[in-house]
$ cat structure-v8.csv   # CSV, C-alpha atoms and all ligand atoms
chain,number,residue,atom,x,y,z
A,679,MET,CA,135.4,66.8,133.8
A,680,LEU,CA,134.6,68.5,130.6
A,681,GLY,CA,133.8,71.6,132.6
A,682,ALA,CA,137.2,71.5,134.3
A,683,LEU,CA,138.9,71.2,130.9
A,684,LEU,CA,137.0,74.0,129.5
A,685,LEU,CA,137.8,76.2,132.4
A,686,LEU,CA,141.4,75.3,132.1
A,687,ALA,CA,141.3,76.4,128.4
A,688,PHE,CA,139.8,79.6,129.6
A,689,ALA,CA,142.4,80.3,132.2
A,690,ALA,CA,145.1,79.5,129.6
A,691,GLY,CA,143.7,82.4,127.4
A,692,ARG,CA,142.7,80.4,124.4
A,693,CYS,CA,141.3,82.2,121.4
A,694,ALA,CA,138.0,84.0,121.7
A,695,ALA,CA,134.8,81.8,121.3
A,696,ASP,CA,132.7,82.1,118.2
A,697,VAL,CA,129.8,83.4,120.0
A,698,GLY,CA,128.3,86.9,120.3
A,699,ASP,CA,129.6,88.2,117.0
A,700,PHE,CA,129.2,87.3,113.4
A,701,THR,CA,132.4,89.0,112.3
A,702,PRO,CA,134.4,85.8,111.8
A,703,CYS,CA,131.7,84.2,109.6
A,704,LEU,CA,130.3,87.1,107.5
A,705,GLN,CA,131.0,85.1,104.4
A,706,PHE,CA,127.8,83.2,104.9
A,707,PHE,CA,125.7,86.3,104.4
A,708,TYR,CA,125.0,88.0,101.1
A,709,ARG,CA,127.2,91.2,101.0
A,710,SER,CA,128.5,90.2,104.5
A,711,TRP,CA,125.2,91.6,105.8
A,712,PRO,CA,123.5,89.6,108.5
A,713,PRO,CA,119.7,89.9,108.6
A,714,LYS,CA,118.4,92.9,110.5
A,715,GLY,CA,115.5,93.1,113.0
A,716,LEU,CA,116.0,90.0,115.0
A,717,ALA,CA,117.9,89.9,118.4
A,718,GLY,CA,119.8,87.0,119.7
A,719,THR,CA,123.2,85.4,120.3
A,720,PRO,CA,125.2,85.1,117.1
A,721,ILE,CA,127.1,81.8,116.7
A,722,CYS,CA,129.7,81.2,114.1
A,723,GLN,CA,129.3,77.4,113.7
A,724,ARG,CA,132.7,75.9,113.8
A,725,TYR,CA,133.6,72.2,113.5
A,726,TYR,CA,137.2,70.9,113.3
A,727,ASN,CA,138.4,74.5,113.3
A,728,GLN,CA,136.5,75.5,110.2
A,729,HIS,CA,133.4,77.7,110.0
A,730,HIS,CA,130.5,76.0,108.3
A,731,PHE,CA,127.6,78.4,108.8
A,732,ALA,CA,126.1,81.0,111.1
A,733,THR,CA,123.2,80.9,113.6
A,734,LEU,CA,121.3,83.5,115.5
A,735,TYR,CA,120.6,81.7,118.7
A,736,SER,CA,118.0,82.5,121.3
A,737,ARG,CA,119.2,81.6,124.8
A,738,PRO,CA,115.8,82.0,126.5
A,739,ARG,CA,114.2,79.7,123.8
A,740,ARG,CA,117.2,77.3,123.7
A,741,SER,CA,116.7,77.2,120.0
A,742,PRO,CA,117.7,79.2,116.9
A,743,TRP,CA,116.0,82.2,115.3
A,744,PHE,CA,117.7,81.4,112.0
A,745,SER,CA,120.7,79.7,110.4
A,746,ALA,CA,122.5,81.2,107.4
A,747,TYR,CA,124.6,79.1,105.0
A,748,LEU,CA,125.9,78.7,101.5
A,749,TYR,CA,124.2,76.0,99.5
A,750,SER,CA,126.3,73.6,97.6
A,751,VAL,CA,125.2,70.7,95.4
A,752,PRO,CA,125.1,67.6,97.6
A,753,THR,CA,126.8,64.3,96.9
A,754,GLY,CA,126.6,61.3,99.1
A,755,LYS,CA,124.3,60.2,101.9
A,756,ARG,CA,123.1,61.9,105.0
A,757,PRO,CA,125.7,61.2,107.7
A,758,SER,CA,124.6,59.2,110.7
A,759,ALA,CA,123.5,61.7,113.3
A,760,SER,CA,126.1,62.4,116.0
A,761,TRP,CA,124.5,65.3,117.9
A,762,LYS,CA,126.7,68.1,119.1
A,763,PHE,CA,126.6,71.0,121.5
A,764,GLU,CA,128.4,74.3,121.8
A,765,PRO,CA,130.8,74.5,124.8
A,766,GLN,CA,131.2,78.2,124.3
A,767,LEU,CA,127.5,78.8,125.3
A,768,ALA,CA,128.2,77.3,128.6
A,769,TYR,CA,131.8,78.5,129.1
A,770,PRO,CA,132.6,81.9,127.6
A,771,GLY,CA,136.3,81.1,127.3
A,772,ALA,CA,135.8,77.8,125.5
A,773,ASP,CA,137.1,77.5,122.0
A,774,GLY,CA,134.3,77.8,119.4
A,775,ASN,CA,134.2,74.2,118.1
A,776,MET,CA,131.0,72.2,118.5
A,777,VAL,CA,131.5,68.9,120.3
A,778,PRO,CA,129.5,65.6,120.2
A,779,PHE,CA,127.6,65.0,123.4
A,780,PRO,CA,129.6,62.6,125.6
A,781,PRO,CA,127.9,59.4,126.8
A,782,GLY,CA,126.2,59.8,130.1
A,783,PRO,CA,124.5,62.9,131.5
A,784,PRO,CA,125.8,66.2,130.2
A,785,ASP,CA,127.5,68.9,132.3
A,786,GLN,CA,125.0,71.0,134.2
A,787,ASN,CA,126.3,74.3,132.6
A,788,VAL,CA,125.7,72.8,129.2
A,789,VAL,CA,122.2,71.7,130.2
A,790,GLU,CA,121.4,75.2,131.5
A,791,SER,CA,122.8,77.0,128.4
A,792,GLN,CA,121.2,75.0,125.5
A,793,ALA,CA,119.0,72.2,124.4
A,794,VAL,CA,120.3,68.6,125.0
A,795,ASP,CA,119.2,65.2,123.7
A,796,LEU,CA,116.9,64.6,126.6
A,797,ASP,CA,114.7,67.6,125.6
A,798,TYR,CA,113.8,65.9,122.4
A,799,ILE,CA,113.7,62.3,123.5
A,800,ASN,CA,110.0,61.1,124.0
A,801,SER,CA,108.7,64.5,123.0
A,802,THR,CA,106.1,64.7,120.2
A,803,TYR,CA,108.5,66.7,118.0
A,804,SER,CA,111.4,65.7,115.8
A,805,ARG,CA,114.7,67.6,115.5
A,806,GLY,CA,114.2,69.9,112.6
A,807,HIS,CA,117.4,71.2,110.9
A,808,LEU,CA,117.2,74.9,109.9
A,809,ASN,CA,120.4,74.4,107.9
A,810,PRO,CA,119.7,70.9,106.4
A,811,SER,CA,122.5,68.4,105.8
A,812,LEU,CA,121.2,67.7,102.3
A,813,HIS,CA,122.2,71.2,101.1
A,814,HIS,CA,125.9,70.5,101.4
A,815,GLN,CA,128.4,68.8,99.3
A,816,ARG,CA,131.1,67.9,101.8
A,817,TYR,CA,130.8,65.4,104.5
A,818,GLN,CA,132.1,67.7,107.2
A,819,ALA,CA,129.7,70.4,106.3
A,820,ARG,CA,126.9,67.9,106.5
A,821,SER,CA,128.0,66.7,109.9
A,822,ALA,CA,128.3,70.2,111.2
A,823,THR,CA,124.6,70.7,110.7
A,824,PHE,CA,123.9,68.2,113.5
A,825,THR,CA,124.2,70.6,116.4
A,826,LEU,CA,121.2,71.2,118.5
A,827,THR,CA,121.7,75.0,118.1
A,828,ASN,CA,120.7,74.5,114.5
A,829,VAL,CA,117.6,72.6,115.4
A,830,VAL,CA,114.0,73.5,116.3
A,831,PRO,CA,111.1,71.2,117.5
A,832,GLN,CA,109.4,70.3,114.2
A,833,LYS,CA,106.5,68.0,113.8
A,834,VAL,CA,107.3,64.8,111.8
A,835,GLY,CA,104.4,65.6,109.4
A,836,SER,CA,106.3,68.8,108.4
A,837,ASN,CA,109.9,67.4,108.6
A,838,ASP,CA,109.2,64.3,106.6
A,839,GLY,CA,106.5,65.9,104.4
A,840,PRO,CA,106.0,69.3,102.8
A,841,TRP,CA,109.1,70.9,104.4
A,842,GLU,CA,111.4,68.1,103.1
A,843,LEU,CA,109.8,68.5,99.7
A,844,LEU,CA,110.7,72.2,99.8
A,845,GLU,CA,114.3,71.5,100.7
A,846,GLN,CA,114.5,69.1,97.8
A,847,ASN,CA,112.8,71.5,95.4
A,848,VAL,CA,115.2,74.3,96.4
A,849,ASN,CA,118.1,71.8,95.9
A,850,LYS,CA,116.9,71.0,92.3
A,851,THR,CA,116.3,74.6,91.4
A,852,LEU,CA,119.6,76.0,92.7
A,853,ALA,CA,121.6,73.1,91.3
A,854,ALA,CA,120.0,73.7,87.9
A,855,TYR,CA,119.9,77.5,87.6
A,856,CYS,CA,122.1,79.2,90.2
A,857,LEU,CA,125.4,79.9,88.6
A,858,GLY,CA,127.2,81.6,91.5
A,859,LYS,CA,126.8,81.6,95.2
A,860,ALA,CA,123.4,80.8,96.8
A,861,TYR,CA,122.9,82.4,100.2
A,862,MET,CA,120.3,80.6,102.3
A,863,VAL,CA,118.6,81.8,105.4
A,864,THR,CA,116.1,79.6,107.2
A,865,GLY,CA,114.4,80.5,110.4
A,866,VAL,CA,111.3,80.3,112.6
A,867,ILE,CA,108.2,82.3,113.4
A,868,PRO,CA,107.1,82.1,117.1
A,869,TYR,CA,103.5,81.8,118.3
A,870,ARG,CA,101.8,85.1,118.9
A,871,GLY,CA,101.2,85.4,122.6
A,872,ASP,CA,101.4,82.1,124.5
A,873,GLU,CA,104.7,80.3,123.7
A,874,HIS,CA,104.6,76.6,123.1
A,875,TRP,CA,107.3,74.5,124.8
A,876,LEU,CA,108.7,71.0,124.7
A,877,LYS,CA,108.0,69.0,127.9
A,878,ASN,CA,110.0,70.5,130.8
A,879,HIS,CA,109.4,74.1,129.4
A,880,ARG,CA,112.9,74.4,128.3
A,881,VAL,CA,112.8,74.6,124.4
A,882,ALA,CA,110.4,76.8,122.6
A,883,VAL,CA,108.4,75.3,119.7
A,884,PRO,CA,107.9,77.5,116.6
A,885,GLU,CA,104.5,78.0,114.9
A,886,TYR,CA,106.0,78.3,111.4
A,887,LEU,CA,109.4,77.7,109.7
A,888,TRP,CA,110.5,80.0,106.9
A,889,SER,CA,113.3,79.8,104.3
A,890,THR,CA,114.6,82.1,101.6
A,891,TYR,CA,117.6,82.2,99.2
A,892,CYS,CA,119.5,84.8,97.4
A,893,CYS,CA,121.3,83.8,94.2
A,894,PRO,CA,122.4,87.0,92.5
A,895,ASN,CA,124.1,85.3,89.5
A,896,TYR,CA,121.7,82.9,87.8
A,897,ASN,CA,120.8,81.5,84.4
A,898,HIS,CA,118.3,83.9,82.9
A,899,SER,CA,116.9,81.2,80.5
A,900,LEU,CA,114.5,80.0,83.2
A,901,PRO,CA,111.5,77.8,82.4
A,902,ASN,CA,108.2,79.5,82.9
A,903,TRP,CA,107.3,77.8,86.2
A,904,LEU,CA,110.5,79.2,87.8
A,905,SER,CA,110.3,82.7,86.2
A,906,ASN,CA,109.6,84.5,89.5
A,907,THR,CA,112.0,82.4,91.7
A,908,PHE,CA,115.3,84.3,91.0
A,909,PRO,CA,117.3,86.0,92.2
A,910,THR,CA,115.4,85.4,95.4
A,911,TYR,CA,112.4,83.3,96.6
A,912,ALA,CA,110.9,82.3,99.9
A,913,ALA,CA,108.5,80.0,101.7
A,914,ILE,CA,106.7,79.6,105.0
A,915,GLY,CA,105.7,76.2,106.3
A,916,ARG,CA,103.2,75.2,109.0
A,917,ASN,CA,104.4,73.4,112.1
A,918,ASP,CA,100.9,73.1,113.7
A,919,PRO,CA,97.7,71.8,112.1
A,920,ASN,CA,95.8,74.0,114.6
A,921,SER,CA,97.2,77.2,113.2
A,922,THR,CA,94.8,79.5,111.4
A,923,GLU,CA,95.0,79.7,107.6
A,924,GLU,CA,95.8,83.4,107.1
A,925,ILE,CA,99.5,82.8,106.4
A,926,VAL,CA,99.5,79.3,104.9
A,927,PRO,CA,96.2,77.6,103.8
A,928,VAL,CA,95.7,73.9,104.4
A,929,ASN,CA,95.2,71.4,101.6
A,930,LYS,CA,92.3,69.3,102.9
A,931,THR,CA,93.0,66.5,100.5
A,932,ALA,CA,96.6,66.0,101.4
A,933,LYS,CA,97.7,62.6,102.8
A,934,LYS,CA,96.6,62.4,106.5
A,935,GLN,CA,100.1,62.3,107.9
A,936,TYR,CA,101.0,65.5,106.1
A,937,ARG,CA,97.7,67.3,106.5
A,938,GLY,CA,98.1,70.7,108.1
A,939,TYR,CA,101.8,71.0,107.5
A,940,ASP,CA,101.6,72.8,104.1
A,941,VAL,CA,104.3,75.0,102.8
A,942,ARG,CA,103.4,78.2,100.9
A,943,ARG,CA,105.9,79.5,98.3
A,944,MET,CA,106.1,83.3,98.2
A,945,SER,CA,108.2,86.3,97.3
A,946,LEU,CA,110.8,87.6,99.8
A,947,GLU,CA,108.7,90.7,100.1
A,948,THR,CA,105.7,88.7,101.2
A,949,LEU,CA,107.8,86.7,103.7
A,950,GLU,CA,109.2,90.0,105.2
A,951,MET,CA,105.7,91.3,105.5
A,952,TYR,CA,104.7,88.3,107.6
A,953,LEU,CA,107.9,88.6,109.7
A,954,LYS,CA,107.2,92.3,110.3
A,955,ASP,CA,103.7,91.5,111.4
A,956,ARG,CA,104.7,88.8,113.9
A,957,PHE,CA,107.9,90.3,115.3
A,958,ASN,CA,106.4,93.9,115.4
A,959,THR,CA,109.5,95.3,113.7
A,960,VAL,CA,111.0,95.5,110.2
A,961,VAL,CA,112.9,92.3,109.4
A,962,SER,CA,115.3,92.5,106.4
A,963,VAL,CA,116.8,89.2,105.5
A,964,PHE,CA,119.1,90.2,102.6
A,965,TYR,CA,120.9,93.4,101.8
A,966,GLU,CA,118.7,95.5,99.5
A,967,GLN,CA,116.4,92.4,99.2
A,968,CYS,CA,119.0,90.7,97.1
A,969,VAL,CA,118.3,92.8,94.0
A,970,GLY,CA,121.8,94.3,93.7
A,971,SER,CA,123.8,92.8,90.9
A,972,ASP,CA,126.9,90.9,91.9
B,1,LIG,C1,110.9,57.2,126.7
B,1,LIG,O1,109.7,56.5,126.7
B,1,LIG,C2,109.9,55.1,126.9
B,1,LIG,C3,108.6,54.4,126.7
B,1,LIG,O2,107.6,55.1,127.5
B,1,LIG,C4,110.6,54.8,128.2
B,1,LIG,O3,110.9,53.4,128.3
B,1,LIG,C5,111.9,55.5,128.2
B,1,LIG,O4,112.6,55.4,129.5
B,1,LIG,C6,111.7,57.0,128.0
B,1,LIG,N1,113.0,57.7,127.9
B,1,LIG,C7,113.3,58.8,128.4
B,1,LIG,C8,114.7,59.3,128.3
B,1,LIG,O5,112.5,59.5,129.1
B,2,LIG,C1,120.0,67.6,94.9
B,2,LIG,O1,120.2,68.0,93.5
B,2,LIG,C2,121.2,67.2,92.9
B,2,LIG,C3,121.4,67.8,91.5
B,2,LIG,O2,120.1,67.9,90.8
B,2,LIG,C4,120.7,65.7,92.8
B,2,LIG,O3,121.8,65.0,92.1
B,2,LIG,C5,120.5,65.2,94.2
B,2,LIG,O4,119.9,63.9,94.1
B,2,LIG,C6,119.5,66.1,94.9
B,2,LIG,N1,119.4,65.6,96.3
B,2,LIG,C7,118.2,65.5,96.9
B,2,LIG,C8,118.2,65.0,98.3
B,2,LIG,O5,117.1,65.8,96.4
B,3,LIG,C1,120.9,78.0,81.0
B,3,LIG,O1,119.8,77.2,80.8
B,3,LIG,C2,119.5,76.8,79.5
B,3,LIG,C3,118.2,76.1,79.4
B,3,LIG,O2,117.9,75.3,80.5
B,3,LIG,C4,120.7,75.8,79.1
B,3,LIG,O3,120.5,75.4,77.8
B,3,LIG,C5,122.0,76.6,79.2
B,3,LIG,O4,123.1,75.7,79.0
B,3,LIG,C6,122.2,77.2,80.6
B,3,LIG,N1,123.3,78.0,80.7
B,3,LIG,C7,124.3,77.9,81.7
B,3,LIG,C8,125.4,78.9,81.6
B,3,LIG,O5,124.2,77.0,82.5
B,4,LIG,C1,95.7,70.9,118.4
B,4,LIG,O1,94.5,71.0,119.1
B,4,LIG,C2,94.1,69.8,119.8
B,4,LIG,C3,92.8,70.0,120.4
B,4,LIG,O2,92.8,71.2,121.2
B,4,LIG,C4,95.2,69.3,120.7
B,4,LIG,O3,94.9,68.1,121.3
B,4,LIG,C5,96.5,69.2,120.0
B,4,LIG,O4,97.6,68.8,120.9
B,4,LIG,C6,96.8,70.4,119.2
B,4,LIG,N1,98.0,70.2,118.4
B,4,LIG,C7,99.1,70.9,118.5
B,4,LIG,C8,100.2,70.6,117.6
B,4,LIG,O5,99.3,71.8,119.3
B,5,LIG,C1,96.4,68.7,97.7
B,5,LIG,O1,96.9,67.5,97.9
B,5,LIG,C2,96.6,66.5,96.9
B,5,LIG,C3,97.1,65.1,97.4
B,5,LIG,O2,98.5,65.2,97.7
B,5,LIG,C4,97.2,66.9,95.6
B,5,LIG,O3,97.0,66.0,94.6
B,5,LIG,C5,96.7,68.3,95.2
B,5,LIG,O4,97.4,68.7,94.1
B,5,LIG,C6,96.9,69.3,96.4
B,5,LIG,N1,96.3,70.5,96.0
B,5,LIG,C7,96.9,71.7,96.1
B,5,LIG,C8,96.1,72.9,95.8
B,5,LIG,O5,98.1,71.8,96.4

$ encode --input "structure-v8.csv" --output "structure tokens"
Amino acid sequence: MLGALLLLAFAAGRCAADVGDFTPCLQFFYRSWPPKGLAGTPICQRYYNQHHFATLYSRPRRSPWFSAYLYSVPTGKRPSASWKFEPQLAYPGADGNMVPFPPGPPDQNVVESQAVDLDYINSTYSRGHLNPSLHHQRYQARSATFTLTNVVPQKVGSNDGPWELLEQNVNKTLAAYCLGKAYMVTGVIPYRGDEHWLKNHRVAVPEYLWSTYCCPNYNHSLPNWLSNTFPTYAAIGRNDPNSTEEIVPVNKTAKKQYRGYDVRRMSLETLEMYLKDRFNTVVSVFYEQCVGSD
């Protein structure tokens, strides 16, 4: 039924889908410059006809490489999760708005083209937001983060532990000292060699998550402990206690449920060094590494 409707919309020549091109949503990137070095399907994340953020999606992995968004000081609670999908990944002519999963089994073209609820249900991974709802002021911007194209399989020990703490620290730091726009990019590092998958071999599991911000206009009276965190700062978080410790060491005395899910803060330069090493190509997250004055 949904398929028929979408096809009808296609036949009627509705506006082009927000997929395949970042042009309609360049405002989410510092200097309108999307990260270079990673290949995938660009999605301008649209909800109720408004763009909320941008995602570079990997169709073969059925999960994102990164999401890019503008941070805004949050108010209010996390919305109750209504998970959405992107019709335009299944039907090229569909309009670009994300849509809540209808009750019952989803359309087969949707299942083929992206992750669905069933991929995560009863898996040993939670749904880890790249663009988290708690980094947004407005209700609709928060709701828009609940699309499975913005989500990767993340262990609960990371999602509810050190990674959540990082998101909260970034929130506090940016709310207190970023005076202008804060451009965020959060992404994944795949396993080297053998990929890990959720049950059914449909959705790829990342070995690490990374995150970085660029806030060109900030308060220069920074306390000492934040002195190297502007205009840009970064972090990499473990998603697998079995990973080696070359990138992120393990705190052996951390609480058991969070052990092995450490997050290491680092400069953007250091992050890009690890990305280059794993992707075998130069990855540049921000235009001129965010040093240009705005
Ligand atoms: C999830 O696991 C529970 C308990 O084993 C089972 O009852 C339920 O049917 C499973 N759900 C799905 C969607 O596989
Ligand atoms: C984010 O920061 C704001 C401003 O400091 C604060 O009011 C809010 O409680 C923080 N939210 C979370 C989830 O940490
Ligand atoms: C910058 O930070 C200092 C110290 O925290 C504070 O007193 C001052 O009001 C801040 N300036 C602006 C423009 O927010
Ligand atoms: C870590 O290794 C153990 C033993 O090989 C295995 O049982 C477990 O599933 C692995 N954990 C992850 C997250 O891959
Ligand atoms: C390791 O974890 C413990 C317990 O949470 C904490 O007190 C300690 O500061 C941590 N050490 C490092 C180096 O982060």

$ closest_atom_pairs --input "structure-v8.csv" --of "chain A" --to "ligand LIG 1 (chain B)" --cutoff "9 Å" --atoms "only C-alpha atoms and all ligand atoms" --output "JSON lines"
{"residue": "A:Asp795", "atom": "CA", "partner": "B:LIG1", "partner_atom": "C8", "distance": 8.7}
{"residue": "A:Leu796", "atom": "CA", "partner": "B:LIG1", "partner_atom": "C8", "distance": 6.0}
{"residue": "A:Asp797", "atom": "CA", "partner": "B:LIG1", "partner_atom": "C8", "distance": 8.7}
{"residue": "A:Tyr798", "atom": "CA", "partner": "B:LIG1", "partner_atom": "C8", "distance": 8.9}
{"residue": "A:Ile799", "atom": "CA", "partner": "B:LIG1", "partner_atom": "C8", "distance": 5.7}
{"residue": "A:Asn800", "atom": "CA", "partner": "B:LIG1", "partner_atom": "C1", "distance": 4.8}
{"residue": "A:Ser801", "atom": "CA", "partner": "B:LIG1", "partner_atom": "C1", "distance": 8.5}

$ closest_residue --input "structure-v8.csv" --among "A:Thr959, A:Pro780, A:Gln967, A:Gln935" --to "ligand LIG 5 (chain B)" --atoms "only C-alpha atoms and all ligand atoms"
A:Gln935

$ closest_atom_pairs --input "structure-v8.csv" --of "chain A" --to "ligand LIG 3 (chain B)" --cutoff "9 Å" --atoms "all atoms listed in the file" --output "tab-separated table"
residue	atom	partner	partner_atom	distance
A:Ala854	CA	B:LIG3	O5	7.6
A:Tyr855	CA	B:LIG3	O5	6.7
A:Cys856	CA	B:LIG3	O5	8.3
A:Leu857	CA	B:LIG3	O5	6.9
A:Tyr896	CA	B:LIG3	C8	8.3
A:Asn897	CA	B:LIG3	C1	4.9
A:His898	CA	B:LIG3	C1	6.7
A:Ser899	CA	B:LIG3	O1	4.9
A:Leu900	CA	B:LIG3	O2	6.4
A:Pro901	CA	B:LIG3	O2	7.1

$ closest_residue --input "structure-v8.csv" --among "A:Val963, A:Ile721, A:Val926, A:Leu904" --to "ligand LIG 5 (chain B)" --atoms "all atoms listed in the file"
A:Val926

$ residues_near_ligand --input "structure-v8.csv" --ligand "ligand LIG 4 (chain B)" --cutoff "7 Å" --atoms "all atoms listed in the file" --output "compact mmCIF listing (two decimals) with C-alpha atoms, keeping the file's coordinate frame"
# COMPACT_ATOMS: atom_id res chain seq x y z
CA ASP A 918 100.90 73.10 113.70
CA PRO A 919 97.70 71.80 112.10
CA ASN A 920 95.80 74.00 114.60

$ closest_residue --input "structure-v8.csv" --among "A:Leu887, A:Val881, A:Ser836, A:Ser750" --to "Ser736 in chain A" --atoms "all atoms listed in the file"
A:Val881

$ residues_near_ligand --input "structure-v8.csv" --ligand "ligand LIG 2 (chain B)" --cutoff "8 Å" --atoms "all atoms listed in the file" --output "ChimeraX atom specification"
/A:751-753,812-813,845-847,849-851,853-854

$ write_last_selection --input "structure-v8.csv" --atoms "C-alpha atoms" --output "PDB file, in the coordinates of the input"
ATOM      1  CA  VAL A 751     125.200  70.700  95.400  1.00  0.00           C
ATOM      2  CA  PRO A 752     125.100  67.600  97.600  1.00  0.00           C
ATOM      3  CA  THR A 753     126.800  64.300  96.900  1.00  0.00           C
ATOM      4  CA  LEU A 812     121.200  67.700 102.300  1.00  0.00           C
ATOM      5  CA  HIS A 813     122.200  71.200 101.100  1.00  0.00           C
ATOM      6  CA  GLU A 845     114.300  71.500 100.700  1.00  0.00           C
ATOM      7  CA  GLN A 846     114.500  69.100  97.800  1.00  0.00           C
ATOM      8  CA  ASN A 847     112.800  71.500  95.400  1.00  0.00           C
ATOM      9  CA  ASN A 849     118.100  71.800  95.900  1.00  0.00           C
ATOM     10  CA  LYS A 850     116.900  71.000  92.300  1.00  0.00           C
ATOM     11  CA  THR A 851     116.300  74.600  91.400  1.00  0.00           C
ATOM     12  CA  ALA A 853     121.600  73.100  91.300  1.00  0.00           C
ATOM     13  CA  ALA A 854     120.000  73.700  87.900  1.00  0.00           C
TER      14      ALA A 854
END

$ closest_atom_pairs --input "structure-v8.csv" --of "chain A" --to "ligand LIG 5 (chain B)" --cutoff "10 Å" --atoms "all atoms listed in the file" --output "JSON lines"
{"residue": "A:Pro840", "atom": "CA", "partner": "B:LIG5", "partner_atom": "O2", "distance": 10.0}
{"residue": "A:Pro927", "atom": "CA", "partner": "B:LIG5", "partner_atom": "C8", "distance": 9.3}
{"residue": "A:Val928", "atom": "CA", "partner": "B:LIG5", "partner_atom": "C1", "distance": 8.5}
{"residue": "A:Asn929", "atom": "CA", "partner": "B:LIG5", "partner_atom": "C1", "distance": 4.9}
{"residue": "A:Lys930", "atom": "CA", "partner": "B:LIG5", "partner_atom": "C1", "distance": 6.6}
{"residue": "A:Thr931", "atom": "CA", "partner": "B:LIG5", "partner_atom": "O1", "distance": 4.8}
{"residue": "A:Ala932", "atom": "CA", "partner": "B:LIG5", "partner_atom": "O1", "distance": 3.8}
{"residue": "A:Lys933", "atom": "CA", "partner": "B:LIG5", "partner_atom": "O2", "distance": 5.8}
{"residue": "A:Lys934", "atom": "CA", "partner": "B:LIG5", "partner_atom": "O2", "distance": 9.4}
{"residue": "A:Tyr936", "atom": "CA", "partner": "B:LIG5", "partner_atom": "O2", "distance": 8.8}
{"residue": "A:Arg937", "atom": "CA", "partner": "B:LIG5", "partner_atom": "O1", "distance": 8.6}
{"residue": "A:Asp940", "atom": "CA", "partner": "B:LIG5", "partner_atom": "O5", "distance": 8.5}
{"residue": "A:Val941", "atom": "CA", "partner": "B:LIG5", "partner_atom": "O5", "distance": 9.5}
{"residue": "A:Arg942", "atom": "CA", "partner": "B:LIG5", "partner_atom": "O5", "distance": 9.4}

$ residues_near_point --input "structure-v8.csv" --point "(121.0, 98.7, 108.7)" --cutoff "9 Å" --atoms "all atoms listed in the file" --output "MDAnalysis selection string"
chainID A and resid 711 713:715 962 965

$ residues_near_point --input "structure-v8.csv" --point "(125.5, 79.3, 115.7)" --cutoff "7 Å" --atoms "only C-alpha atoms" --output "JSON, numbers by chain"
{"A": [720, 721, 722, 723, 732, 733, 734, 735, 827, 828]}

$ residues_around --input "structure-v8.csv" --residues "Asp872 in chain A" --least-positions-apart "3" --cutoff "12 Å" --atoms "all atoms listed in the file" --output "list in words"
Pro868, Tyr869, Trp875, Ala882, Val883, Pro884 and Glu885 of chain A

$ build_atoms --input "structure-v8.csv" --residues "range 958-966 of chain A" --atoms "N, CA, C and O atoms" --output "PDB file, keeping the file's coordinate frame"
ATOM      1  N   ASN A 958     106.707  92.445 115.078  1.00  0.00           N
ATOM      2  CA  ASN A 958     106.400  93.900 115.400  1.00  0.00           C
ATOM      3  C   ASN A 958     107.603  94.779 115.110  1.00  0.00           C
ATOM      4  O   ASN A 958     107.803  95.776 115.812  1.00  0.00           O
ATOM      5  N   THR A 959     108.404  94.425 114.120  1.00  0.00           N
ATOM      6  CA  THR A 959     109.500  95.300 113.700  1.00  0.00           C
ATOM      7  C   THR A 959     109.910  94.885 112.296  1.00  0.00           C
ATOM      8  O   THR A 959     109.596  93.781 111.848  1.00  0.00           O
ATOM      9  N   VAL A 960     110.562  95.811 111.611  1.00  0.00           N
ATOM     10  CA  VAL A 960     111.000  95.500 110.200  1.00  0.00           C
ATOM     11  C   VAL A 960     112.087  94.458 110.274  1.00  0.00           C
ATOM     12  O   VAL A 960     113.076  94.618 110.991  1.00  0.00           O
ATOM     13  N   VAL A 961     111.904  93.367 109.550  1.00  0.00           N
ATOM     14  CA  VAL A 961     112.900  92.300 109.400  1.00  0.00           C
ATOM     15  C   VAL A 961     113.422  92.329 107.992  1.00  0.00           C
ATOM     16  O   VAL A 961     112.621  92.179 107.066  1.00  0.00           O
ATOM     17  N   SER A 962     114.731  92.553 107.794  1.00  0.00           N
ATOM     18  CA  SER A 962     115.300  92.500 106.400  1.00  0.00           C
ATOM     19  C   SER A 962     116.272  91.352 106.366  1.00  0.00           C
ATOM     20  O   SER A 962     117.279  91.336 107.068  1.00  0.00           O
ATOM     21  N   VAL A 963     115.965  90.400 105.520  1.00  0.00           N
ATOM     22  CA  VAL A 963     116.800  89.200 105.500  1.00  0.00           C
ATOM     23  C   VAL A 963     118.048  89.421 104.657  1.00  0.00           C
ATOM     24  O   VAL A 963     119.146  89.065 105.086  1.00  0.00           O
ATOM     25  N   PHE A 964     117.908  90.012 103.449  1.00  0.00           N
ATOM     26  CA  PHE A 964     119.100  90.200 102.600  1.00  0.00           C
ATOM     27  C   PHE A 964     119.299  91.693 102.308  1.00  0.00           C
ATOM     28  O   PHE A 964     118.336  92.467 102.185  1.00  0.00           O
ATOM     29  N   TYR A 965     120.558  92.038 102.160  1.00  0.00           N
ATOM     30  CA  TYR A 965     120.900  93.400 101.800  1.00  0.00           C
ATOM     31  C   TYR A 965     120.160  93.822 100.529  1.00  0.00           C
ATOM     32  O   TYR A 965     120.166  93.110  99.517  1.00  0.00           O
ATOM     33  N   GLU A 966     119.472  94.939 100.620  1.00  0.00           N
ATOM     34  CA  GLU A 966     118.700  95.500  99.500  1.00  0.00           C
ATOM     35  C   GLU A 966     117.808  94.392  98.853  1.00  0.00           C
ATOM     36  O   GLU A 966     117.643  94.373  97.634  1.00  0.00           O
TER      37      GLU A 966
END
